[in-house]
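**Student:** One structure, as structure tokens, below. Some questions next.
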Amino acid sequence: MISDSEIDLEELLNRSMKPDAGAVVAFVGVVRADPGVRALEVEAYEEAALEELRRIKDEAIGRFGVSSVDVAHRKGRLSLGEVIVVVVCASAHRKEAFQACEYVIEELKRRVPIWKKELTEEGERWVRGDAC
Amino acid sequence: MISDSEIDLEELLNRSMKPDAGAVVAFVGVVRADPGVRALEVEAYEEAALEELRRIKDEAIGRFGVSSVDVAHRKGRLSLGEVIVVVVCASAHRKEAFQACEYVIEELKRRVPIWKKELTEEGERWVRGDAC
Amino acid sequence: MRIKIRAFASFREILGREMLVEIESGSRVSDLINHLCKIKPDLRRALFSDTGELRDYFIIMLNRRRLDLPKDLEAAISDNDEVAIFPPVAGG
Amino acid sequence: MRIKIRAFASFREILGREMLVEIESGSRVSDLINHLCKIKPDLRRALFSDTGELRDYFIIMLNRRRLDLPKDLEAAISDNDEVAIFPPVAGG
């Protein structure tokens with residue numbers, strides 16, 4: 001899910017907490033107060049991003065055998081301290097839940113067409129992507 | 001924290017979400033519906049458990065440089081699907097947050113004096129600890 | 001034939017969010033890029049170095065599949081294709 | 001001297017949650033265990049095999065510090081010490 005409005009963390013977590021999954025691991029990315037940064041503007045190629053997220057989710061389920069993977073990513077203007085991304089993986093066992101959650105956030109950052117622009121005191125600058 | 005009453009997951013998470021910590025990783029342990037199990041009874045040597053949790057927390061901060069570690073564990077009677085333990089680690093960077101969170105839950109299971117009794121259809125049985 | 005161009009992040013600031021371009025049937029990705037560079041000279045500076053070599057700090061998707069550049073510059077494009085141009089991703 | 005005994009999980013079901021025992025000054029952990037086994041014969045069956053060997057499926061803490069058994073069976077205990085007996089932990 002890619003959304004303009006605040007991510008409901010509790011709703012996302014509760015959706016994953018089922019009695020068949022003993023372990024839930026969540027990653028929450030927060031807009032960090034880097035020096036000079038006042039806010040963040042997030043842009044997405046939404047159709048392509050959702051397709052890629054679906055592929056990453058299927059890969060995580062296939063590789064680690066987790067029972068569910070949920071991802072929510074914000075777009076639009078975000079303030080410092082706001083939640084930008086949430087990944088929740090539920091599994092019968094904790095090791096797999098940790099592995100799947102880390103896999104999903106790494107692949108998201110590497111592959112999903114989303115960009116961030118930092119709004120600083122001196123102006124705006126696009127955050128440079130790592131992978132090309 | 002070791003508590004008789006329901007763990008407030010959102011409150012725990014919100015406490016960790018500060019603008020200096022871009023990455024928050026949470027582990028949530030849920031009472032799993034294993035065959036025949038109807039409920040769980042959790043017992044703790046509370047003073048010793050809190051001391052050990054404090055040591056584990058300090059180790060995680062020292063080893064991984066995370067900015068905060070919070071742990072909440074239930075005691076008393078729990079139903080299937082209820083949250084039994086939550087570990088929340090916040091860090092400037094995600095790798096350290098994942099490592100610290102996994103470290104804390106592994107060490108908790110290995111070292112913190114807490115026990116679980118399964119209440120099954122045939123009677124009660126203590127869950128066997130792994131490490132001695 | 002008509003191609004839908006979509007651009008994101010720094011490339012959106014050059015090309016605009018979305019536009020339709022008319023290009024000769026049988027064109028390839030390279031032809032489309034040359035056409036766009038004519039309309040938007042800033043795009044040429046973003047895609048090519050001063051000596052005319054293709055930079056590697058951008059990605060092109062054809063119908064939401066990432067192209068393998070420079071090899072896929074020779075890929076054929078068809079009427080109603082969607083071509084997206086953007087910098088390396090930086091989400092999460 | 002007076003020692004506080006605390007027991008948890010399966011050992012609580014044998015010994016009760018908490019009790020105070022009077023034991024001779026200068027006693028060691030092993031003396032305390034023998035004393036407890038006399039009061040609670042079920043404890044002997046939990047701690048020792050049929051051939052009288054110490055099992056390894058239990059933990060003893062002296063003032064919240066885990067003892068290294070069987071070596072620490074010879075550790076000295078003092079008035080007002082807290083000794084806890086419990087099976088391997090299984091939290092989380």
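Just so we're on the same page: first chain in the structure tokens is A, next is B, and so on; residues restart at 1 for each chain, and ligands are numbered from 1 in the order they show up.
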Counting only C-alpha atoms, a student should be able to say which residues of chain D come within 10 Å of chain B; what is the right answer, written as a list of chain:residue names?

**Tutor:**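 So the contacting residues turn out to be D:Arg6, D:Ala7, D:Phe8, D:Ala9, D:Ser10, D:Asp56, D:Tyr57, D:Phe58, D:Ile59, D:Met61, D:Asn63, D:Arg64, D:Arg65, D:Arg66, D:Ala84, D:Phe86, D:Pro87, D:Pro88, D:Val89, D:Ala90, D:Gly91, D:Gly92.
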
**Student:** Based on the backbone DSSP call, show me all residues of chain B assigned strand (DSSP E or B), as a ChimeraX atom specification.

**Tutor:** /B:2-3,23-30,37-44,68-74,76-79,83-91,114-120,124-126

**Student:** Using only C-alpha atoms and a distance of at most 10 Å, pull out the residues of chain A that contact chain B, as a PyMOL selection string.

**Tutor:** chain A and resi 8-11+13-14+17-34+79-90+92-95+97-99+101-102+105-106

**Student:** Next, dump the selected residues to file, keeping only N, CA and C atoms, as a short mmCIF file (atom, residue, chain, number, x, y, z; two decimals), in the first residue's frame.

**Tutor:**
```cif
data_model
loop_
_atom_site.label_atom_id
_atom_site.label_comp_id
_atom_site.auth_asym_id
_atom_site.auth_seq_id
_atom_site.Cartn_x
_atom_site.Cartn_y
_atom_site.Cartn_z
N ASP A 8 -1.38 3.61 9.67
CA ASP A 8 -1.95 3.12 10.93
C ASP A 8 -1.19 1.86 11.35
N LEU A 9 -0.14 2.09 12.14
CA LEU A 9 0.77 1.03 12.54
C LEU A 9 0.05 -0.07 13.31
N GLU A 10 -0.82 0.34 14.20
CA GLU A 10 -1.50 -0.64 15.03
C GLU A 10 -2.40 -1.54 14.18
N GLU A 11 -3.07 -0.94 13.23
CA GLU A 11 -3.96 -1.73 12.37
C GLU A 11 -3.15 -2.74 11.57
N LEU A 13 -0.20 -4.04 12.35
CA LEU A 13 0.30 -5.09 13.25
C LEU A 13 -0.81 -6.06 13.62
N ASN A 14 -1.95 -5.52 13.97
CA ASN A 14 -3.06 -6.39 14.39
C ASN A 14 -3.49 -7.34 13.27
N MET A 17 -1.23 -10.34 13.44
CA MET A 17 -1.22 -11.15 14.66
C MET A 17 -2.35 -12.15 14.67
N LYS A 18 -2.03 -13.33 14.18
CA LYS A 18 -3.02 -14.40 14.16
C LYS A 18 -2.47 -15.55 14.99
N PRO A 19 -3.34 -16.36 15.58
CA PRO A 19 -2.86 -17.43 16.47
C PRO A 19 -1.98 -18.48 15.78
N ASP A 20 -1.95 -18.52 14.44
CA ASP A 20 -1.07 -19.50 13.79
C ASP A 20 0.34 -18.96 13.62
N ALA A 21 0.51 -17.66 13.78
CA ALA A 21 1.83 -17.05 13.64
C ALA A 21 2.32 -16.59 15.00
N GLY A 22 3.28 -17.31 15.56
CA GLY A 22 3.77 -16.98 16.89
C GLY A 22 4.71 -15.79 16.91
N ALA A 23 5.30 -15.47 15.74
CA ALA A 23 6.33 -14.43 15.70
C ALA A 23 5.97 -13.38 14.66
N VAL A 24 5.98 -12.14 15.09
CA VAL A 24 5.75 -11.03 14.17
C VAL A 24 6.95 -10.09 14.30
N VAL A 25 7.57 -9.76 13.16
CA VAL A 25 8.67 -8.80 13.16
C VAL A 25 8.27 -7.62 12.29
N ALA A 26 8.43 -6.42 12.84
CA ALA A 26 8.06 -5.21 12.11
C ALA A 26 9.25 -4.29 11.99
N PHE A 27 9.41 -3.74 10.79
CA PHE A 27 10.37 -2.66 10.59
C PHE A 27 9.60 -1.38 10.38
N VAL A 28 9.98 -0.34 11.12
CA VAL A 28 9.33 0.96 10.96
C VAL A 28 10.41 1.98 10.60
N GLY A 29 10.29 2.59 9.44
CA GLY A 29 11.22 3.64 9.02
C GLY A 29 10.62 5.00 9.36
N VAL A 30 11.45 5.84 9.97
CA VAL A 30 10.98 7.13 10.46
C VAL A 30 11.82 8.22 9.79
N VAL A 31 11.19 9.34 9.46
CA VAL A 31 11.93 10.45 8.86
C VAL A 31 12.91 10.99 9.90
N ARG A 32 14.19 10.82 9.62
CA ARG A 32 15.22 11.15 10.59
C ARG A 32 15.60 12.62 10.49
N ALA A 33 15.88 13.22 11.64
CA ALA A 33 16.25 14.63 11.67
C ALA A 33 17.72 14.80 11.33
N ASP A 34 18.07 14.64 10.05
CA ASP A 34 19.45 14.89 9.64
C ASP A 34 19.70 16.39 9.64
N SER A 79 6.73 15.09 7.80
CA SER A 79 7.49 15.86 8.79
C SER A 79 8.53 14.96 9.45
N LEU A 80 9.49 15.58 10.12
CA LEU A 80 10.49 14.82 10.88
C LEU A 80 9.79 13.95 11.92
N GLY A 81 10.25 12.72 12.05
CA GLY A 81 9.67 11.81 13.04
C GLY A 81 8.46 11.04 12.53
N GLU A 82 7.98 11.39 11.36
CA GLU A 82 6.81 10.66 10.83
C GLU A 82 7.24 9.30 10.26
N VAL A 83 6.30 8.35 10.27
CA VAL A 83 6.57 7.02 9.73
C VAL A 83 6.51 7.07 8.21
N ILE A 84 7.60 6.63 7.57
CA ILE A 84 7.64 6.64 6.11
C ILE A 84 7.34 5.26 5.53
N VAL A 85 7.77 4.21 6.22
CA VAL A 85 7.54 2.86 5.70
C VAL A 85 7.38 1.88 6.87
N VAL A 86 6.52 0.91 6.67
CA VAL A 86 6.35 -0.17 7.64
C VAL A 86 6.35 -1.50 6.89
N VAL A 87 7.12 -2.46 7.40
CA VAL A 87 7.11 -3.83 6.87
C VAL A 87 6.77 -4.74 8.04
N VAL A 88 5.76 -5.58 7.88
CA VAL A 88 5.38 -6.50 8.95
C VAL A 88 5.37 -7.92 8.40
N CYS A 89 6.18 -8.80 9.01
CA CYS A 89 6.22 -10.21 8.59
C CYS A 89 5.81 -11.09 9.76
N ALA A 90 4.88 -12.00 9.49
CA ALA A 90 4.43 -12.93 10.52
C ALA A 90 4.80 -14.34 10.12
N ALA A 92 5.43 -18.67 11.83
CA ALA A 92 5.33 -19.58 12.97
C ALA A 92 6.59 -19.44 13.84
N HIS A 93 7.73 -19.13 13.22
CA HIS A 93 8.99 -19.08 13.97
C HIS A 93 9.72 -17.77 13.76
N ARG A 94 10.44 -17.33 14.79
CA ARG A 94 10.98 -15.97 14.77
C ARG A 94 12.11 -15.77 13.78
N LYS A 95 12.99 -16.75 13.62
CA LYS A 95 14.14 -16.58 12.74
C LYS A 95 13.69 -16.18 11.32
N ALA A 97 10.86 -14.86 10.46
CA ALA A 97 10.20 -13.55 10.45
C ALA A 97 11.24 -12.44 10.38
N PHE A 98 12.34 -12.58 11.13
CA PHE A 98 13.42 -11.58 11.06
C PHE A 98 14.03 -11.55 9.66
N GLN A 99 14.34 -12.72 9.12
CA GLN A 99 14.98 -12.77 7.80
C GLN A 99 14.10 -12.16 6.73
N CYS A 101 11.66 -9.98 7.06
CA CYS A 101 11.46 -8.55 7.25
C CYS A 101 12.68 -7.77 6.74
N GLU A 102 13.87 -8.27 7.06
CA GLU A 102 15.08 -7.59 6.60
C GLU A 102 15.20 -7.68 5.07
N ILE A 105 12.73 -5.07 3.40
CA ILE A 105 13.11 -3.65 3.44
C ILE A 105 14.36 -3.41 2.58
N GLU A 106 15.28 -4.38 2.55
CA GLU A 106 16.47 -4.21 1.69
C GLU A 106 16.08 -4.15 0.22
#
```

**Student:** Taking 6 positions as the minimum chain separation for residues in the same chain, which residues sit within 10 Å of Asp72 of chain C when counting only C-alpha atoms? Answer as an MDAnalysis selection string.

**Tutor:** chainID C and resid 28:30 60 62 66

**Student:** Grab the atom CA of Leu54 of chain D to atom CA of Asp68 of chain D distance for me, in Å with one decimal place.

**Tutor:**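 Computed distance, atom CA of Leu54 of chain D to atom CA of Asp68 of chain D, equals 13.0 Å.
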
**Student:** Give me the residues near Lys40 of chain C as a VMD selection string, where near means some atom within 12 Å (using only C-alpha atoms) and where sequence neighbours in that chain fewer than 2 positions away do not count.

**Tutor:** chain C and resid 11 to 16 33 to 38 42 to 47

**Student:** So, with only C-alpha atoms as the atoms that count, which of A:Ala39, A:Ile61, A:Met1, A:Val66 lies closest to Thr120 of chain A?

**Tutor:**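 That would be A:Ala39, the residue with the smallest distance to Thr120 of chain A.
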